[in-house]
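Structure data (mmCIF, C-alpha atoms) from upload31.cif:
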data_upload
loop_
_atom_site.label_atom_id
_atom_site.label_comp_id
_atom_site.auth_asym_id
_atom_site.auth_seq_id
_atom_site.Cartn_x
_atom_site.Cartn_y
_atom_site.Cartn_z
CA MET A 1 261.79 -1.85 -77.38
CA TYR A 2 261.43 0.46 -74.40
CA ILE A 3 262.31 0.62 -70.71
CA LYS A 4 259.46 0.45 -68.21
CA GLU A 5 261.63 0.56 -65.11
CA MET A 6 265.28 0.52 -64.13
CA VAL A 7 267.01 0.09 -60.79
CA ILE A 8 270.55 1.40 -60.35
CA SER A 9 272.25 -0.26 -57.40
CA GLU A 10 275.50 1.61 -57.97
CA TYR A 11 276.80 3.90 -60.72
CA LYS A 12 278.86 7.01 -59.94
CA ILE A 13 276.70 9.13 -57.57
CA LEU A 14 273.56 7.06 -58.20
CA ASN A 15 272.77 4.41 -55.57
CA ASP A 16 269.58 2.43 -54.94
CA LEU A 17 267.74 4.60 -57.46
CA LYS A 18 264.56 3.37 -59.14
CA ILE A 19 263.34 5.13 -62.29
CA GLN A 20 259.97 4.51 -63.94
CA LEU A 21 259.54 5.65 -67.54
CA GLN A 22 256.58 6.26 -69.81
CA PRO A 23 256.28 3.99 -72.88
CA PRO A 24 255.41 4.92 -76.47
CA SER A 25 251.90 3.98 -77.58
CA ASN A 26 250.02 3.58 -80.84
CA SER A 27 253.36 3.61 -82.71
CA LYS A 28 253.93 7.25 -81.66
CA ASN A 29 257.13 8.56 -80.10
CA ILE A 30 257.20 9.65 -76.46
CA VAL A 31 259.54 11.96 -74.54
CA ASN A 32 260.56 11.33 -70.92
CA VAL A 33 262.30 14.37 -69.41
CA ILE A 34 264.81 14.09 -66.57
CA ALA A 35 265.37 17.43 -64.79
CA GLY A 36 267.27 18.60 -61.74
CA ILE A 37 270.01 20.94 -60.61
CA ASN A 38 273.68 20.30 -61.36
CA GLY A 39 275.12 17.40 -59.41
CA THR A 40 271.95 15.30 -59.27
CA GLY A 41 273.20 12.73 -61.78
CA LYS A 42 271.19 13.46 -64.92
CA THR A 43 274.10 12.71 -67.26
CA SER A 44 275.14 9.74 -65.11
CA LEU A 45 271.62 8.35 -65.50
CA LEU A 46 271.81 8.49 -69.31
CA GLU A 47 275.32 6.99 -69.26
CA SER A 48 274.15 4.15 -67.00
CA ILE A 49 271.42 3.27 -69.50
CA VAL A 50 273.67 3.14 -72.55
CA LYS A 51 276.47 1.34 -70.68
CA GLY A 52 274.04 -1.06 -69.04
CA LEU A 53 272.46 -1.97 -72.38
CA ALA A 54 275.92 -2.28 -73.95
CA GLY A 55 276.98 -4.72 -71.22
CA ALA A 56 279.64 -2.40 -69.81
CA ILE A 57 277.97 -2.34 -66.36
CA SER A 58 277.31 -5.49 -64.35
CA PRO A 59 273.65 -6.58 -64.18
CA GLU A 60 274.16 -6.54 -60.41
CA ASN A 61 274.57 -2.75 -60.58
CA ILE A 62 271.79 -1.94 -63.02
CA HIS A 63 268.62 -3.88 -63.76
CA PHE A 64 266.13 -3.12 -66.55
CA ARG A 65 262.50 -4.10 -66.97
CA PHE A 66 261.42 -3.77 -70.59
CA ASP A 67 258.15 -3.98 -72.51
CA GLU A 68 256.51 -7.40 -72.65
CA GLU A 69 257.76 -8.29 -76.13
CA THR A 70 261.39 -7.48 -75.27
CA GLU A 71 261.12 -9.26 -71.90
CA LYS A 72 259.85 -12.36 -73.72
CA LYS A 73 262.81 -12.27 -76.12
CA ARG A 74 265.15 -11.63 -73.21
CA HIS A 75 263.80 -14.68 -71.39
CA GLN A 76 264.23 -16.80 -74.52
CA ASN A 77 267.79 -15.54 -75.00
CA ALA A 78 268.71 -15.88 -71.31
CA ASP A 79 270.47 -12.51 -70.88
CA LEU A 80 271.04 -9.08 -72.42
CA GLN A 81 274.17 -10.16 -74.27
CA LYS A 82 272.32 -12.86 -76.19
CA LEU A 83 269.40 -10.50 -76.73
CA ARG A 84 271.78 -7.97 -78.34
CA GLU A 85 273.22 -10.72 -80.53
CA SER A 86 269.72 -11.69 -81.67
CA PHE A 87 269.08 -8.06 -82.69
CA GLU A 88 272.30 -8.06 -84.73
CA LYS A 89 271.02 -11.04 -86.75
CA ARG A 90 267.72 -9.32 -87.62
CA GLN A 91 269.02 -5.96 -88.73
CA ASN A 92 266.03 -4.84 -90.78
CA ILE A 93 263.61 -4.96 -87.84
CA SER A 94 265.92 -4.47 -84.89
CA PRO A 95 265.75 -1.57 -82.42
CA LYS A 96 268.65 0.72 -81.63
CA VAL A 97 269.98 2.52 -78.60
CA ILE A 98 271.07 6.03 -79.65
CA TYR A 99 273.05 8.29 -77.31
CA ILE A 100 273.45 11.98 -78.15
CA ALA A 101 275.80 13.42 -75.53
CA SER A 102 276.07 17.07 -74.51
CA TYR A 103 278.53 18.94 -76.71
CA LEU A 104 278.83 21.93 -78.99
CA ILE A 105 279.25 21.02 -82.64
CA ASP A 106 282.12 23.21 -83.79
CA VAL A 107 284.28 20.87 -85.88
CA PHE A 108 283.69 20.03 -89.54
CA MET A 109 285.24 16.91 -91.06
CA PRO A 110 284.16 16.01 -94.63
CA VAL A 111 283.02 12.41 -95.17
CA THR A 112 282.80 10.42 -98.38
CA GLN A 113 280.52 7.64 -97.15
CA LEU A 114 278.01 7.06 -94.36
CA ASP A 115 278.21 4.05 -92.07
CA THR A 116 275.01 2.16 -92.92
CA GLU A 117 275.90 -1.02 -91.01
CA TYR A 118 273.49 -1.91 -88.20
CA HIS A 119 274.70 -1.19 -84.65
CA PHE A 120 272.62 -1.85 -81.56
CA ILE A 121 274.46 0.86 -79.59
CA ASN A 122 274.96 4.16 -81.47
CA GLN A 123 276.88 6.95 -79.76
CA LEU A 124 277.31 10.02 -81.94
CA GLU A 125 280.84 11.35 -82.45
CA SER A 126 280.81 15.14 -82.44
CA VAL A 127 283.65 15.47 -84.98
CA LYS A 128 281.66 13.50 -87.58
CA ILE A 129 278.22 15.06 -87.10
CA LEU A 130 278.48 17.98 -89.54
CA GLY A 131 280.30 15.96 -92.21
CA ASN A 132 277.72 13.18 -91.98
CA ALA A 133 274.90 15.75 -92.10
CA GLU A 134 276.29 17.39 -95.25
CA TYR A 135 276.70 14.02 -96.99
CA TYR A 136 273.19 12.91 -95.97
CA ILE A 137 271.54 16.16 -97.09
CA ARG A 138 273.11 15.82 -100.54
CA GLU A 139 271.98 12.19 -100.84
CA TYR A 140 268.52 13.12 -99.53
CA ILE A 141 268.06 15.73 -102.28
CA LEU A 142 269.48 13.52 -105.04
CA ALA A 143 267.31 10.56 -103.98
CA HIS A 144 264.16 12.71 -104.05
CA GLU A 145 265.11 13.99 -107.49
CA ARG A 146 265.55 10.44 -108.78
CA ASN A 147 262.16 9.38 -107.45
CA SER A 148 260.27 12.45 -108.68
CA TYR A 149 257.91 12.42 -111.67
CA GLU A 150 258.49 16.14 -112.26
CA GLY A 151 259.95 16.70 -115.74
CA ASP A 152 261.51 20.11 -115.11
CA PRO A 153 264.90 19.53 -113.38
CA VAL A 154 264.78 22.93 -111.63
CA LYS A 155 261.33 22.24 -110.20
CA ARG A 156 262.43 18.71 -109.29
CA THR A 157 265.33 20.05 -107.21
CA ARG A 158 263.14 22.73 -105.64
CA GLU A 159 260.58 20.11 -104.66
CA ALA A 160 263.26 18.00 -102.97
CA ILE A 161 264.72 20.99 -101.09
CA ASP A 162 261.29 22.12 -99.90
CA ASN A 163 260.67 18.59 -98.67
CA PHE A 164 263.85 18.70 -96.59
CA ASN A 165 263.14 22.16 -95.19
CA GLN A 166 259.72 20.98 -94.02
CA HIS A 167 261.43 19.08 -91.19
CA PHE A 168 262.60 22.40 -89.71
CA GLN A 169 259.56 24.55 -90.43
CA GLU A 170 258.51 24.77 -86.77
CA ALA A 171 261.83 26.36 -85.83
CA ASN A 172 261.29 29.32 -88.18
CA LEU A 173 265.04 29.48 -88.82
CA LEU A 174 266.66 32.49 -90.45
CA THR A 175 268.59 30.11 -92.73
CA GLN A 176 267.24 27.38 -95.01
CA LEU A 177 268.73 24.84 -97.38
CA TYR A 178 268.85 26.60 -100.76
CA ASP A 179 270.57 24.36 -103.32
CA LEU A 180 273.35 21.90 -104.12
CA ASP A 181 276.49 23.64 -105.37
CA GLY A 182 277.30 21.90 -108.68
CA LYS A 183 280.67 23.65 -108.87
CA HIS A 184 281.77 22.12 -105.56
CA PHE A 185 280.73 18.45 -105.76
CA ASN A 186 277.08 19.20 -104.96
CA ARG A 187 277.80 20.55 -101.48
CA PRO A 188 274.55 21.67 -99.81
CA VAL A 189 274.41 25.44 -99.45
CA PHE A 190 272.16 27.48 -97.19
CA LYS A 191 270.73 30.94 -97.68
CA GLN A 192 269.72 33.44 -95.04
CA LYS A 193 266.34 35.07 -95.43
CA GLY A 194 266.71 38.53 -96.96
CA SER A 195 270.24 37.87 -98.19
CA ASP A 196 271.80 36.52 -101.38
CA MET A 197 274.84 35.10 -99.58
CA LEU A 198 275.21 31.30 -99.79
CA ILE A 199 276.98 29.47 -96.97
CA SER A 200 277.94 25.85 -96.25
CA ILE A 201 276.81 23.93 -93.17
CA ASP A 202 280.08 24.52 -91.29
CA CYS A 203 279.58 28.31 -91.56
CA LEU A 204 276.14 28.37 -89.94
CA SER A 205 275.65 29.91 -86.50
CA ASP A 206 276.31 27.81 -83.38
CA GLY A 207 272.60 27.21 -82.83
CA GLU A 208 271.91 26.28 -86.45
CA ARG A 209 274.84 23.84 -86.52
CA GLN A 210 273.46 22.20 -83.35
CA LEU A 211 269.96 22.00 -84.72
CA TYR A 212 270.74 20.84 -88.25
CA GLY A 213 273.59 18.56 -87.17
CA LEU A 214 271.74 16.64 -84.46
CA ILE A 215 268.37 16.42 -86.20
CA VAL A 216 270.00 15.15 -89.41
CA ALA A 217 272.09 12.70 -87.34
CA LEU A 218 268.86 11.17 -86.07
CA MET A 219 267.36 11.18 -89.56
CA ILE A 220 270.39 9.18 -90.75
CA LEU A 221 269.82 6.52 -88.09
CA ASN A 222 266.09 6.40 -88.95
CA PRO A 223 265.09 4.91 -85.58
CA SER A 224 262.04 2.79 -84.99
CA ASN A 225 261.10 0.92 -81.80
CA SER A 226 264.27 2.37 -80.30
CA ILE A 227 265.56 4.07 -77.15
CA ILE A 228 266.99 7.55 -77.79
CA LEU A 229 269.01 9.28 -75.06
CA ILE A 230 269.71 13.01 -75.42
CA ASP A 231 271.74 15.08 -72.96
CA GLU A 232 271.04 18.83 -72.95
CA PRO A 233 269.31 19.22 -76.33
CA GLU A 234 268.97 22.94 -75.53
CA LEU A 235 272.72 23.59 -75.85
CA ALA A 236 273.40 26.75 -77.95
CA LEU A 237 269.73 27.08 -78.90
CA HIS A 238 267.67 30.25 -78.54
CA PRO A 239 264.80 29.83 -76.00
CA ALA A 240 262.29 29.94 -78.86
CA TRP A 241 264.05 26.96 -80.48
CA GLN A 242 264.25 25.16 -77.14
CA GLN A 243 260.46 25.23 -77.00
CA ILE A 244 260.10 23.27 -80.22
CA ILE A 245 263.28 21.17 -80.42
CA MET A 246 261.70 18.00 -78.96
CA SER A 247 258.70 18.38 -81.26
CA ILE A 248 261.09 18.26 -84.24
CA TYR A 249 262.97 15.26 -82.83
CA THR A 250 259.80 13.30 -82.19
CA LYS A 251 258.63 13.55 -85.80
CA ILE A 252 261.53 11.24 -86.76
CA GLY A 253 260.74 7.52 -86.81
CA GLN A 254 258.01 5.87 -84.81
CA ASN A 255 257.41 4.01 -81.56
CA ASN A 256 260.60 5.45 -80.04
CA GLN A 257 261.19 6.19 -76.37
CA PHE A 258 263.12 9.44 -75.88
CA ILE A 259 264.85 9.96 -72.53
CA VAL A 260 266.10 13.53 -72.26
CA ALA A 261 268.20 15.20 -69.55
CA THR A 262 267.77 18.97 -69.46
CA HIS A 263 268.06 22.24 -67.54
CA SER A 264 265.80 24.07 -69.97
CA PRO A 265 262.62 25.60 -68.46
CA GLN A 266 261.23 25.78 -72.01
CA ILE A 267 261.59 22.01 -72.56
CA ILE A 268 260.25 21.21 -69.08
CA ALA A 269 257.25 23.49 -69.57
CA ARG A 270 256.36 21.78 -72.87
CA THR A 271 256.53 18.27 -71.35
CA PRO A 272 253.33 16.57 -70.12
CA ILE A 273 253.48 16.23 -66.33
CA ASN A 274 253.24 12.43 -66.49
CA ASN A 275 256.48 12.37 -68.46
CA LEU A 276 258.54 14.46 -66.02
CA ILE A 277 261.05 13.09 -63.51
CA PHE A 278 262.98 15.36 -61.17
CA LEU A 279 266.21 14.19 -59.54
CA ARG A 280 267.22 15.65 -56.18
CA LYS A 281 269.59 14.85 -53.33
CA ASN A 282 267.87 13.68 -50.15
CA SER A 283 268.91 16.00 -47.31
CA ILE A 284 269.07 13.13 -44.80
CA SER A 285 270.42 10.11 -46.73
CA HIS A 286 272.30 12.29 -49.27
CA LYS A 287 271.26 9.81 -51.96
CA ILE A 288 269.82 10.91 -55.30
CA GLU A 289 266.10 10.21 -55.48
CA ALA A 290 263.48 10.50 -58.21
CA ILE A 291 260.42 12.73 -57.76
CA TYR A 292 257.37 12.32 -60.01
CA PRO A 293 255.28 15.54 -60.08
CA LYS A 294 252.16 13.65 -61.14
CA GLN A 295 252.19 11.89 -57.77
CA HIS A 296 252.27 15.12 -55.80
CA GLN A 297 249.36 17.12 -57.20
CA PRO A 298 247.25 19.06 -54.66
CA LYS A 299 243.90 17.52 -53.88
CA LYS A 300 240.89 19.24 -55.36
CA LEU A 301 238.78 21.19 -52.91
CA SER A 302 235.29 19.85 -52.32
CA ASN A 303 232.23 22.00 -53.02
CA ARG A 304 231.26 22.35 -49.38
CA TYR A 305 230.75 26.10 -49.43
#
How does the structure come out when it is put into structure tokens?
Amino acid sequence: MYIKEMVISEYKILNDLKIQLQPPSNSKNIVNVIAGINGTGKTSLLESIVKGLAGAISPENIHFRFDEETEKKRHQNADLQKLRESFEKRQNISPKVIYIASYLIDVFMPVTQLDTEYHFINQLESVKILGNAEYYIREYILAHERNSYEGDPVKRTREAIDNFNQHFQEANLLTQLYDLDGKHFNRPVFKQKGSDMLISIDCLSDGERQLYGLIVALMILNPSNSIILIDEPELALHPAWQQIIMSIYTKIGQNNQFIVATHSPQIIARTPINNLIFLRKNSISHKIEAIYPKQHQPKKLSNRY
């Protein structure tokens, strides 16, 4: 499932706005980046998508055009509400809509069980992100240990931990997952390079909590054929991490359409020009309009001289 085009008749400061988005192809994920100065409606655009797909905005105010397969199902099911209900009945193959809002992860709440029930709309709750991440990391390591053919239990655990850390290798973090603390109910503990101090996930730096928390949150949802909305993924991240954050995200799942709102020059610079959309306020109509850089490239000079 992906969005080819959407028209917002009216939502907050967005009026008569048409947005065209790039689709995933060959089962690979794709990132569409929405950029613009403050006040141009980037967050409102993401909100309109999730609320429109959830049925919280009238179809008169927001209209979607999806990929051919989804449009066919939509036609068969008459409207978006019945389409959502049909997804609920086929949980094992159904797409998701995932919304990661803009917030700093600074609260830790332990959890004893993950919600594994299928939901078409998934909006992450910031207070649960670190607790869910800690629970998932522990289960991730234990599951890999159970499925390993390695006879040595120490090597088996090390193999599982190395497998988890591979997801974050590009970021070159100062801290890595080190072990499960058997004295404290197998809590995952992290170790900083060059130090013997072990720390839990809630004691990591702001940037590491953001990175581990949100990446693991997406790993938990295990999206496929889904629409993933992320607002300001650069929050609390060092510029070097901003450069690679979307690369890490897009290694999770397959055939997903990411729609990202950002101020980060690092993320914008790493995005193919065909996947960039800039929002700006028209100086005459004062309406927000979409600008596609790929449509405004200078013409090549001819070889007349």
Practice item. Could you state which residues are captured by the PyMOL selection byres ((chain A and resi 275-281) around 9) in this file, as a PyMOL selection string? Key: chain A and resi 19-22+30-37+39-42+268+271-274+282-294
**Study point:** Polymer residues at most 12 Å from (258.2, 4.2, -83.2) by only C-alpha atoms, as an MDAnalysis selection string
**Key:** chainID A and resid 1:2 23:31 93:96 222:228 250:258
Restricting the output to C-alpha atoms, write the selected residues as an mmCIF file, keeping the file's coordinate frame.
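Writing done, so here's selection.cif:
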data_model
loop_
_atom_site.group_PDB
_atom_site.id
_atom_site.type_symbol
_atom_site.label_atom_id
_atom_site.label_comp_id
_atom_site.auth_asym_id
_atom_site.auth_seq_id
_atom_site.Cartn_x
_atom_site.Cartn_y
_atom_site.Cartn_z
ATOM 1 C CA MET A 1 261.790 -1.850 -77.380
ATOM 2 C CA TYR A 2 261.430 0.460 -74.400
ATOM 3 C CA PRO A 23 256.280 3.990 -72.880
ATOM 4 C CA PRO A 24 255.410 4.920 -76.470
ATOM 5 C CA SER A 25 251.900 3.980 -77.580
ATOM 6 C CA ASN A 26 250.020 3.580 -80.840
ATOM 7 C CA SER A 27 253.360 3.610 -82.710
ATOM 8 C CA LYS A 28 253.930 7.250 -81.660
ATOM 9 C CA ASN A 29 257.130 8.560 -80.100
ATOM 10 C CA ILE A 30 257.200 9.650 -76.460
ATOM 11 C CA VAL A 31 259.540 11.960 -74.540
ATOM 12 C CA ILE A 93 263.610 -4.960 -87.840
ATOM 13 C CA SER A 94 265.920 -4.470 -84.890
ATOM 14 C CA PRO A 95 265.750 -1.570 -82.420
ATOM 15 C CA LYS A 96 268.650 0.720 -81.630
ATOM 16 C CA ASN A 222 266.090 6.400 -88.950
ATOM 17 C CA PRO A 223 265.090 4.910 -85.580
ATOM 18 C CA SER A 224 262.040 2.790 -84.990
ATOM 19 C CA ASN A 225 261.100 0.920 -81.800
ATOM 20 C CA SER A 226 264.270 2.370 -80.300
ATOM 21 C CA ILE A 227 265.560 4.070 -77.150
ATOM 22 C CA ILE A 228 266.990 7.550 -77.790
ATOM 23 C CA THR A 250 259.800 13.300 -82.190
ATOM 24 C CA LYS A 251 258.630 13.550 -85.800
ATOM 25 C CA ILE A 252 261.530 11.240 -86.760
ATOM 26 C CA GLY A 253 260.740 7.520 -86.810
ATOM 27 C CA GLN A 254 258.010 5.870 -84.810
ATOM 28 C CA ASN A 255 257.410 4.010 -81.560
ATOM 29 C CA ASN A 256 260.600 5.450 -80.040
ATOM 30 C CA GLN A 257 261.190 6.190 -76.370
ATOM 31 C CA PHE A 258 263.120 9.440 -75.880
#
Exercise for review: Please provide as a ChimeraX atom specification all residues within 12 Å of A:Ala160, with the sequence filter that same-chain residues fewer than 6 positions apart are discarded (counting only C-alpha atoms).
Suggested key: /A:137-150,153-154,166-167,177-180
Practice item. Using the chain letters and residue numbers of this document, give as JSON, numbers by chain the residues selected by the PyMOL selection byres ((chain A and resi 212) around 12). Key: {"A": [105, 129, 130, 131, 132, 133, 134, 136, 137, 164, 165, 167, 168, 169, 171, 173, 175, 176, 177, 190, 200, 201, 202, 204, 205, 206, 207, 208, 209, 210, 211, 213, 214, 215, 216, 217, 218, 219, 220, 237, 241, 245, 248, 249]}
Please save C-alpha atoms of the selected residues as a JSON list (two decimals), in the coordinates of the input.
[["chain", "number", "residue", "atom", "x", "y", "z"],
["A", 105, "ILE", "CA", 279.25, 21.02, -82.64],
["A", 129, "ILE", "CA", 278.22, 15.06, -87.10],
["A", 130, "LEU", "CA", 278.48, 17.98, -89.54],
["A", 131, "GLY", "CA", 280.30, 15.96, -92.21],
["A", 132, "ASN", "CA", 277.72, 13.18, -91.98],
["A", 133, "ALA", "CA", 274.90, 15.75, -92.10],
["A", 134, "GLU", "CA", 276.29, 17.39, -95.25],
["A", 136, "TYR", "CA", 273.19, 12.91, -95.97],
["A", 137, "ILE", "CA", 271.54, 16.16, -97.09],
["A", 164, "PHE", "CA", 263.85, 18.70, -96.59],
["A", 165, "ASN", "CA", 263.14, 22.16, -95.19],
["A", 167, "HIS", "CA", 261.43, 19.08, -91.19],
["A", 168, "PHE", "CA", 262.60, 22.40, -89.71],
["A", 169, "GLN", "CA", 259.56, 24.55, -90.43],
["A", 171, "ALA", "CA", 261.83, 26.36, -85.83],
["A", 173, "LEU", "CA", 265.04, 29.48, -88.82],
["A", 175, "THR", "CA", 268.59, 30.11, -92.73],
["A", 176, "GLN", "CA", 267.24, 27.38, -95.01],
["A", 177, "LEU", "CA", 268.73, 24.84, -97.38],
["A", 190, "PHE", "CA", 272.16, 27.48, -97.19],
["A", 200, "SER", "CA", 277.94, 25.85, -96.25],
["A", 201, "ILE", "CA", 276.81, 23.93, -93.17],
["A", 202, "ASP", "CA", 280.08, 24.52, -91.29],
["A", 204, "LEU", "CA", 276.14, 28.37, -89.94],
["A", 205, "SER", "CA", 275.65, 29.91, -86.50],
["A", 206, "ASP", "CA", 276.31, 27.81, -83.38],
["A", 207, "GLY", "CA", 272.60, 27.21, -82.83],
["A", 208, "GLU", "CA", 271.91, 26.28, -86.45],
["A", 209, "ARG", "CA", 274.84, 23.84, -86.52],
["A", 210, "GLN", "CA", 273.46, 22.20, -83.35],
["A", 211, "LEU", "CA", 269.96, 22.00, -84.72],
["A", 213, "GLY", "CA", 273.59, 18.56, -87.17],
["A", 214, "LEU", "CA", 271.74, 16.64, -84.46],
["A", 215, "ILE", "CA", 268.37, 16.42, -86.20],
["A", 216, "VAL", "CA", 270.00, 15.15, -89.41],
["A", 217, "ALA", "CA", 272.09, 12.70, -87.34],
["A", 218, "LEU", "CA", 268.86, 11.17, -86.07],
["A", 219, "MET", "CA", 267.36, 11.18, -89.56],
["A", 220, "ILE", "CA", 270.39, 9.18, -90.75],
["A", 237, "LEU", "CA", 269.73, 27.08, -78.90],
["A", 241, "TRP", "CA", 264.05, 26.96, -80.48],
["A", 245, "ILE", "CA", 263.28, 21.17, -80.42],
["A", 248, "ILE", "CA", 261.09, 18.26, -84.24],
["A", 249, "TYR", "CA", 262.97, 15.26, -82.83]]
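With the shown file loaded, the PyMOL selection byres ((chain A and resi 9) around 9) picks out Val7, Ile8, Glu10, Tyr11, Leu14, Asn15, Asp16, Leu17, Lys18, Glu60, Asn61, Ile62 and His63 of chain A.
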Study note, to complete from the structure: Using all atoms listed in the file, the residue out of A:Ile267, A:Ile259, A:His238, A:Met197 with shortest distance to A:Leu45 is A:Ile259
Exercise for review: Quick one: pull the distance between atom CA of A:Gln113 and atom CA of A:Ile161, Å, one decimal.
Suggested key: 21.1 Å
Review point. Neighbours of A:Glu125 within 9 Å (all atoms listed in the file; same-chain residues fewer than 2 positions away dropped), as a list in words?
Key: Ile100, Ala101, Gln123, Val127, Lys128 and Ile129 of chain A
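By only C-alpha atoms, and with residues fewer than 5 positions from A:Arg84 along its chain excluded, the set lying at most 10 Å from it is Leu53, Ala54, Gly55, Arg74, Asn77, Asp79, Lys89, Ser94, Pro95, Lys96, His119, Phe120 and Ile121 of chain A.
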Exercise for review: Write out as a list in words each polymer residue whose atoms come within 7 Å of A:Ile3, counting all atoms listed in the file; drop sequence neighbours fewer than 3 positions from it.
Suggested key: Leu21, Phe64, Arg65, Phe66 and Asp67 of chain A
Exercise for review: Find the residue from A:Asp115, A:Glu85, A:Glu47, A:Asp181 that sits nearest to A:Tyr99; use only C-alpha atoms when measuring.
Suggested key: A:Glu47
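Between atom CA of A:Thr262 and atom CA of A:Leu46 there is a distance of 11.2 Å.
With all atoms listed in the file as the atoms that count, the minimum distance from A:Tyr135 to the choices A:Glu159, A:Val97, A:Gly151, A:Asn186 is reached by A:Asn186.
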Review point. Do you know which residues are at most 9 Å from A:Gln242 counting all atoms listed in the file, after dropping those on the same chain fewer than 4 positions away, and could you put them as a list in words?
Key: Pro233, Glu234, Leu235, Leu237, His238, Met246, Ser264, Pro265, Gln266 and Ile267 of chain A
For the selection just defined, write its residues with C-alpha atoms to a file, as a PDB file, in the frame of the given file.
ATOM      1  CA  PRO A 233     269.310  19.220 -76.330  1.00  0.00           C
ATOM      2  CA  GLU A 234     268.970  22.940 -75.530  1.00  0.00           C
ATOM      3  CA  LEU A 235     272.720  23.590 -75.850  1.00  0.00           C
ATOM      4  CA  LEU A 237     269.730  27.080 -78.900  1.00  0.00           C
ATOM      5  CA  HIS A 238     267.670  30.250 -78.540  1.00  0.00           C
ATOM      6  CA  MET A 246     261.700  18.000 -78.960  1.00  0.00           C
ATOM      7  CA  SER A 264     265.800  24.070 -69.970  1.00  0.00           C
ATOM      8  CA  PRO A 265     262.620  25.600 -68.460  1.00  0.00           C
ATOM      9  CA  GLN A 266     261.230  25.780 -72.010  1.00  0.00           C
ATOM     10  CA  ILE A 267     261.590  22.010 -72.560  1.00  0.00           C
TER      11      ILE A 267
END
